[in-house]
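Asker: This is target-v7.cif, which holds mmCIF, C-alpha atoms:
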```cif
data_start
#
loop_
_atom_site.label_atom_id
_atom_site.label_comp_id
_atom_site.auth_asym_id
_atom_site.auth_seq_id
_atom_site.Cartn_x
_atom_site.Cartn_y
_atom_site.Cartn_z
CA MET A 19 -1.69 43.82 7.53
CA GLY A 20 -3.90 42.95 4.58
CA HIS A 21 -0.98 43.31 2.16
CA HIS A 22 1.16 41.00 4.30
CA SER A 23 -1.69 38.54 4.53
CA LEU A 24 -2.05 38.46 0.72
CA LEU A 25 1.69 37.91 0.28
CA GLY A 26 1.60 35.13 2.84
CA THR A 27 -1.29 33.42 1.03
CA LEU A 28 0.47 33.67 -2.33
CA ALA A 29 3.71 32.34 -0.86
CA HIS A 30 1.80 29.48 0.74
CA ARG A 31 0.10 28.54 -2.53
CA PHE A 32 3.34 28.85 -4.47
CA ALA A 33 5.07 26.54 -2.00
CA LEU A 34 2.22 24.04 -2.31
CA LEU A 35 2.42 24.22 -6.10
CA LEU A 36 6.16 23.54 -6.01
CA PHE A 37 5.61 20.61 -3.69
CA VAL A 38 2.93 19.13 -5.98
CA LEU A 39 5.14 19.54 -9.06
CA PHE A 40 8.08 18.00 -7.24
CA ALA A 41 5.93 15.03 -6.15
CA LEU A 42 4.42 14.49 -9.61
CA PHE A 43 7.61 14.89 -11.64
CA PRO A 44 8.81 11.24 -11.20
CA LEU A 45 5.37 10.07 -12.33
CA TYR A 46 5.53 12.36 -15.37
CA TRP A 47 9.01 11.06 -16.24
CA LEU A 48 7.79 7.47 -15.85
CA VAL A 49 5.07 8.08 -18.44
CA LYS A 50 7.40 10.06 -20.71
CA VAL A 51 10.01 7.29 -20.90
CA SER A 52 7.34 4.61 -21.36
CA VAL A 53 6.06 6.23 -24.59
CA THR A 54 9.51 7.12 -25.99
CA PRO A 55 10.41 4.84 -28.95
CA ASN A 56 13.63 2.83 -28.68
CA ASP A 57 15.32 4.70 -31.53
CA LEU A 58 14.82 8.01 -29.67
CA MET A 59 15.61 6.75 -26.17
CA TYR A 60 19.19 8.04 -26.19
CA SER A 61 19.53 9.96 -29.46
CA GLU A 62 17.42 12.94 -28.36
CA GLY A 63 19.20 13.50 -25.06
CA VAL A 64 17.24 14.98 -22.17
CA ARG A 65 13.94 16.40 -23.44
CA MET A 66 10.77 17.13 -21.51
CA TRP A 67 8.74 15.24 -24.14
CA PRO A 68 9.93 13.07 -27.06
CA SER A 69 9.46 14.32 -30.61
CA ARG A 70 7.55 11.12 -31.38
CA THR A 71 5.63 8.71 -29.13
CA SER A 72 4.92 5.01 -29.41
CA LEU A 73 3.15 2.24 -27.47
CA GLU A 74 5.70 -0.38 -28.53
CA HIS A 75 6.92 -0.88 -24.95
CA PHE A 76 3.39 -1.50 -23.67
CA ARG A 77 2.73 -4.01 -26.46
CA PHE A 78 5.92 -5.91 -25.65
CA VAL A 79 5.18 -5.96 -21.90
CA LEU A 80 1.63 -7.23 -22.39
CA GLU A 81 2.24 -9.68 -25.24
CA ASN A 82 5.83 -10.95 -24.89
CA SER A 83 6.65 -10.90 -21.18
CA ASN A 84 5.40 -12.52 -17.98
CA PHE A 85 4.06 -9.21 -16.71
CA PRO A 86 0.34 -10.27 -16.87
CA LEU A 87 1.22 -13.24 -14.62
CA PHE A 88 3.16 -11.03 -12.20
CA PHE A 89 0.31 -8.53 -12.23
CA ARG A 90 -2.26 -11.23 -11.37
CA ASN A 91 -0.05 -12.58 -8.56
CA SER A 92 0.40 -9.10 -7.05
CA LEU A 93 -3.33 -8.49 -7.21
CA ILE A 94 -4.11 -11.77 -5.39
CA VAL A 95 -1.47 -11.17 -2.71
CA SER A 96 -2.31 -7.50 -2.11
CA LEU A 97 -6.10 -7.86 -1.98
CA SER A 98 -5.93 -10.98 0.20
CA THR A 99 -3.45 -9.39 2.60
CA ALA A 100 -5.46 -6.16 2.83
CA ALA A 101 -8.72 -8.02 3.54
CA ILE A 102 -7.22 -10.35 6.18
CA VAL A 103 -5.30 -7.60 7.95
CA THR A 104 -8.31 -5.27 8.03
CA VAL A 105 -10.52 -7.92 9.65
CA ILE A 106 -7.86 -8.82 12.24
CA ALA A 107 -7.11 -5.14 12.93
CA ALA A 108 -10.81 -4.36 13.39
CA PHE A 109 -11.18 -6.88 16.19
CA GLY A 110 -7.72 -6.17 17.63
CA GLY A 111 -8.17 -2.40 17.57
CA TYR A 112 -11.57 -2.72 19.22
CA ALA A 113 -10.12 -4.91 21.98
CA PHE A 114 -7.28 -2.47 22.70
CA SER A 115 -9.68 0.48 22.64
CA ARG A 116 -12.49 -0.90 24.79
CA PHE A 117 -11.06 -3.52 27.16
CA ALA A 118 -8.60 -3.33 30.04
CA PHE A 119 -6.84 -6.67 30.43
CA ARG A 120 -3.74 -7.99 32.14
CA GLY A 121 -0.58 -7.53 30.10
CA LYS A 122 -2.11 -4.91 27.82
CA MET A 123 0.90 -2.59 28.11
CA TRP A 124 3.31 -5.45 27.48
CA ILE A 125 1.44 -6.59 24.39
CA THR A 126 1.32 -3.01 23.13
CA GLY A 127 5.06 -2.71 23.67
CA LEU A 128 5.73 -5.99 21.84
CA LEU A 129 3.64 -4.85 18.88
CA LEU A 130 5.67 -1.65 18.75
CA VAL A 131 8.95 -3.57 18.94
CA THR A 132 7.99 -5.63 15.89
CA GLN A 133 7.91 -2.40 13.88
CA MET A 134 11.45 -1.46 14.87
CA PHE A 135 13.43 -4.38 13.40
CA PRO A 136 14.97 -3.88 9.96
CA LEU A 137 13.20 -6.32 7.65
CA VAL A 138 16.47 -7.56 6.19
CA MET A 139 17.37 -9.06 9.60
CA LEU A 140 14.24 -11.22 9.57
CA ILE A 141 14.51 -12.76 6.11
CA ALA A 142 16.70 -15.73 7.12
CA PRO A 143 14.59 -16.87 10.13
CA ILE A 144 11.36 -16.39 8.18
CA PHE A 145 12.74 -18.43 5.30
CA ARG A 146 13.75 -21.21 7.76
CA MET A 147 10.21 -21.23 9.18
CA LEU A 148 8.38 -21.20 5.85
CA SER A 149 10.58 -23.71 4.02
CA PRO A 150 9.62 -26.86 6.02
CA LEU A 151 5.96 -25.88 5.63
CA GLY A 152 6.28 -25.66 1.87
CA LEU A 153 5.29 -22.00 1.90
CA THR A 154 8.28 -20.60 0.05
CA ASN A 155 7.73 -20.03 -3.66
CA SER A 156 4.02 -19.63 -3.00
CA LEU A 157 1.52 -16.79 -2.89
CA THR A 158 0.17 -18.19 0.39
CA GLY A 159 3.58 -17.71 2.02
CA LEU A 160 3.77 -14.09 0.84
CA ILE A 161 0.24 -13.39 2.10
CA LEU A 162 1.15 -14.88 5.49
CA VAL A 163 4.33 -12.81 5.80
CA TYR A 164 2.72 -9.56 4.66
CA THR A 165 -0.19 -10.13 7.04
CA THR A 166 2.18 -10.68 9.95
CA PHE A 167 4.12 -7.50 9.33
CA ASN A 168 1.13 -5.25 8.65
CA VAL A 169 -1.15 -6.34 11.50
CA PRO A 170 0.61 -4.43 14.34
CA PHE A 171 0.45 -1.02 12.66
CA ALA A 172 -3.08 -1.71 11.38
CA ILE A 173 -4.23 -2.51 14.93
CA PHE A 174 -2.88 0.81 16.22
CA LEU A 175 -4.52 2.58 13.28
CA MET A 176 -7.90 0.98 13.95
CA GLN A 177 -7.57 1.60 17.69
CA SER A 178 -7.37 5.34 17.04
CA PHE A 179 -10.65 5.18 15.10
CA PHE A 180 -12.40 3.20 17.83
CA ASP A 181 -11.11 5.66 20.44
CA GLY A 182 -12.89 8.43 18.52
CA ILE A 183 -16.30 6.75 18.87
CA PRO A 184 -18.15 7.56 22.13
CA ARG A 185 -18.73 4.55 24.38
CA ASP A 186 -22.21 5.94 25.11
CA LEU A 187 -23.45 4.64 21.74
CA GLU A 188 -22.62 1.04 22.66
CA GLU A 189 -23.97 1.41 26.17
CA ALA A 190 -27.25 2.82 24.83
CA ALA A 191 -27.60 -0.14 22.45
CA GLN A 192 -26.90 -2.59 25.27
CA ILE A 193 -29.47 -0.88 27.50
CA ASP A 194 -31.98 -1.41 24.67
CA GLY A 195 -31.26 -5.14 24.79
CA ALA A 196 -28.46 -5.64 22.26
CA SER A 197 -25.57 -7.94 23.12
CA ARG A 198 -22.01 -6.64 23.08
CA PHE A 199 -21.34 -8.29 19.72
CA GLN A 200 -24.59 -6.92 18.26
CA ALA A 201 -23.65 -3.42 19.41
CA PHE A 202 -20.21 -3.87 17.82
CA ARG A 203 -21.63 -5.20 14.55
CA GLU A 204 -24.59 -2.87 14.15
CA ILE A 205 -23.38 0.36 15.79
CA ILE A 206 -19.59 0.45 15.82
CA VAL A 207 -18.67 -1.25 12.55
CA PRO A 208 -20.72 1.13 10.33
CA LEU A 209 -19.14 4.11 12.09
CA THR A 210 -15.62 2.77 11.52
CA LEU A 211 -16.03 2.00 7.80
CA PRO A 212 -13.89 5.05 6.87
CA GLY A 213 -11.20 3.79 9.23
CA MET A 214 -11.36 0.32 7.72
CA ALA A 215 -11.07 1.85 4.24
CA ALA A 216 -7.97 3.78 5.35
CA THR A 217 -6.46 0.59 6.79
CA LEU A 218 -7.37 -1.35 3.65
CA GLY A 219 -5.69 1.27 1.47
CA PHE A 220 -2.56 1.42 3.59
CA VAL A 221 -2.09 -2.37 3.66
CA PHE A 222 -2.91 -2.78 -0.04
CA THR A 223 -0.26 -0.22 -0.97
CA ALA A 224 2.33 -1.78 1.32
CA ALA A 225 1.76 -5.28 -0.09
CA TRP A 226 1.50 -4.06 -3.69
CA SER A 227 4.92 -2.40 -3.67
CA GLU A 228 6.85 -4.77 -1.39
CA LEU A 229 10.01 -6.13 -3.00
CA LEU A 230 12.40 -7.52 -0.37
CA PHE A 231 10.40 -10.54 0.82
CA ALA A 232 8.98 -11.19 -2.65
CA LEU A 233 12.53 -11.35 -3.98
CA MET A 234 14.03 -13.50 -1.20
CA LEU A 235 11.16 -15.93 -0.56
CA VAL A 236 10.11 -16.60 -4.15
CA SER A 237 12.41 -17.87 -6.89
CA LYS A 238 9.85 -19.37 -9.28
CA VAL A 239 8.36 -17.25 -12.04
CA ASP A 240 4.87 -18.67 -11.42
CA ALA A 241 4.72 -17.14 -7.93
CA SER A 242 6.61 -13.89 -8.56
CA THR A 243 4.97 -10.53 -8.08
CA PHE A 244 5.32 -7.46 -10.29
CA PRO A 245 8.06 -5.67 -8.22
CA VAL A 246 10.24 -8.75 -8.82
CA GLY A 247 9.05 -8.88 -12.43
CA LEU A 248 10.40 -5.37 -13.00
CA LEU A 249 13.89 -6.78 -12.42
CA SER A 250 13.44 -9.04 -15.44
CA PHE A 251 13.97 -5.96 -17.60
CA VAL A 252 17.50 -5.71 -16.20
CA SER A 253 20.06 -7.92 -17.91
CA LYS A 254 23.83 -8.20 -17.95
CA PHE A 255 23.79 -6.15 -21.14
CA GLY A 256 21.87 -3.23 -19.69
CA VAL A 257 18.46 -2.00 -18.60
CA ASP A 258 15.48 -1.74 -20.93
CA PHE A 259 14.10 1.45 -19.46
CA GLY A 260 11.23 1.73 -21.94
CA GLN A 261 9.74 -1.68 -21.08
CA MET A 262 10.44 -1.24 -17.37
CA MET A 263 8.68 2.14 -17.31
CA ALA A 264 5.74 0.77 -19.34
CA ALA A 265 5.35 -2.04 -16.79
CA GLY A 266 5.54 0.56 -14.01
CA VAL A 267 2.76 2.62 -15.59
CA LEU A 268 0.55 -0.48 -15.93
CA ALA A 269 1.28 -1.40 -12.30
CA LEU A 270 0.06 2.02 -11.18
CA ILE A 271 -3.42 1.48 -12.64
CA PRO A 272 -4.91 -0.86 -9.98
CA ALA A 273 -3.44 1.21 -7.13
CA VAL A 274 -4.92 4.42 -8.57
CA LEU A 275 -8.31 2.79 -9.23
CA PHE A 276 -8.34 1.31 -5.75
CA PHE A 277 -7.70 4.66 -4.11
CA LEU A 278 -10.29 6.38 -6.30
CA LEU A 279 -12.87 3.84 -5.10
CA ILE A 280 -12.08 4.35 -1.41
CA GLN A 281 -11.07 8.03 -1.59
CA ARG A 282 -14.19 9.32 0.14
CA PHE A 283 -13.87 6.85 3.00
CA LEU A 284 -10.11 7.37 3.15
CA VAL A 285 -10.36 11.13 3.71
CA GLN A 286 -13.10 10.69 6.30
CA GLY A 287 -11.15 7.96 8.03
CA LEU A 288 -7.87 9.84 8.24
CA THR A 289 -9.68 12.92 9.54
CA ALA A 290 -11.66 10.95 12.11
CA GLY A 291 -8.56 9.09 13.25
CA ALA A 292 -6.78 12.34 13.95
CA VAL A 293 -9.40 13.52 16.44
CA LYS A 294 -10.45 11.62 19.51
CA GLY A 295 -13.87 12.27 20.98
#
```
Output the structure of this file as structure tokens.
Answerer:
Amino acid sequence: MGHHSLLGTLAHRFALLLFVLFALFPLYWLVKVSVTPNDLMYSEGVRMWPSRTSLEHFRFVLENSNFPLFFRNSLIVSLSTAAIVTVIAAFGGYAFSRFAFRGKMWITGLLLVTQMFPLVMLIAPIFRMLSPLGLTNSLTGLILVYTTFNVPFAIFLMQSFFDGIPRDLEEAAQIDGASRFQAFREIIVPLTLPGMAATLGFVFTAAWSELLFALMLVSKVDASTFPVGLLSFVSKFGVDFGQMMAAGVLALIPAVLFFLLIQRFLVQGLTAGAVKG
């Protein structure tokens, strides 16, 4: 029994190791291509690491392309969208968790339906709505669209966190003289900070990597985001993989830093959201 248990543990760890290597390999290849000099890009064939490395692609991306502008635009859009959606989802999730109101099931169903439509079907009507308002080719338009599409899922996510908090805590605060809003602000909100961090991280990632709407709703360079900017390295003569991969590596930095900052809250939030009290 003990021998079988040891074999099972080793097999489990080996499978996990394979999974981690499989997941990290694209990231490794991204970095490898980004530091491969142009003269070795094709001459060395497929190698796990180039015989010589260079930062020439990073220098070109930072000094001779519009990537810094795209990077700034993505940062503004992603952070704004994540903050707005998290605030809306906090109030919406609390309402769905704590209140029984007429039409609740219908509203829940409608929110679910919005997650079922392929995004490509909605581009034309959204463009027709934003164009008369002057919101195409603008960061404000992208923030509005991303907020709209991320709010439903974020509300369900926050609702699961509120469901995990005992109602007795609010009732005790109200018995002590606190209003409903005071109980929400001073008792519930601090307890749901991990959930808000998880929601913030999810929405930030979704907005940071979104390409379809950014490509179809924005045609001006000044309002383009970095996923669209990556396409600028594709021309009719070919693809500059070195510069594209260097831009990809730079684009990973804010996402990694953001998740490192909220990692502790993110793990707590995902764990708490999985268990209802």
Asker: List as an MDAnalysis selection string: which residues have an atom within 12 Å of (3.4, -15.1, -4.1), counting all atoms listed in the file?
Answerer: chainID A and resid 87:96 98:99 153:164 225:226 228:229 231:247
Asker: Could you work out how far atom CA of A:Pro184 lies from atom CA of A:Gly219, giving the answer in Å with one decimal?
Answerer: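 Pair atom CA of A:Gly219 / atom CA of A:Pro184 returns 24.9 Å.
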Asker: Any idea what the distance is between atom CA of A:Phe76 and atom CA of A:Ala265?
Answerer: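 These atoms are spaced 7.2 Å apart.
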Asker: Distance atom CA of A:Arg65-atom CA of A:Val274, one decimal place?
Answerer: 26.8 Å
Asker: Using the chain letters and residue numbers of this document, give as a tab-separated table (two decimals) with C-alpha atoms, in the coordinates of the input the residues selected by the PyMOL selection byres ((chain A and resi 261) around 8).
Answerer:
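Below you can see selection-v3.tsv, which holds the result:
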```tsv
chain	number	residue	atom	x	y	z
A	52	SER	CA	7.34	4.61	-21.36
A	75	HIS	CA	6.92	-0.88	-24.95
A	76	PHE	CA	3.39	-1.50	-23.67
A	78	PHE	CA	5.92	-5.91	-25.65
A	79	VAL	CA	5.18	-5.96	-21.90
A	251	PHE	CA	13.97	-5.96	-17.60
A	258	ASP	CA	15.48	-1.74	-20.93
A	259	PHE	CA	14.10	1.45	-19.46
A	260	GLY	CA	11.23	1.73	-21.94
A	262	MET	CA	10.44	-1.24	-17.37
A	263	MET	CA	8.68	2.14	-17.31
A	264	ALA	CA	5.74	0.77	-19.34
A	265	ALA	CA	5.35	-2.04	-16.79
```
Asker: Which residue is closest to A:Val207? Choose from A:Val105, A:Leu58, A:Gln192, A:Lys254 and count all atoms listed in the file.
Answerer: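 When distances to A:Val207 are compared using all atoms listed in the file, the smallest one comes from A:Val105.
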Asker: Point out the residue among A:Leu248, A:Ile183, A:Ala108, A:Val169 with the least atom-to-atom distance to A:Leu129, counting all atoms listed in the file.
Answerer: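 Closest residue, counting all atoms listed in the file: A:Val169.
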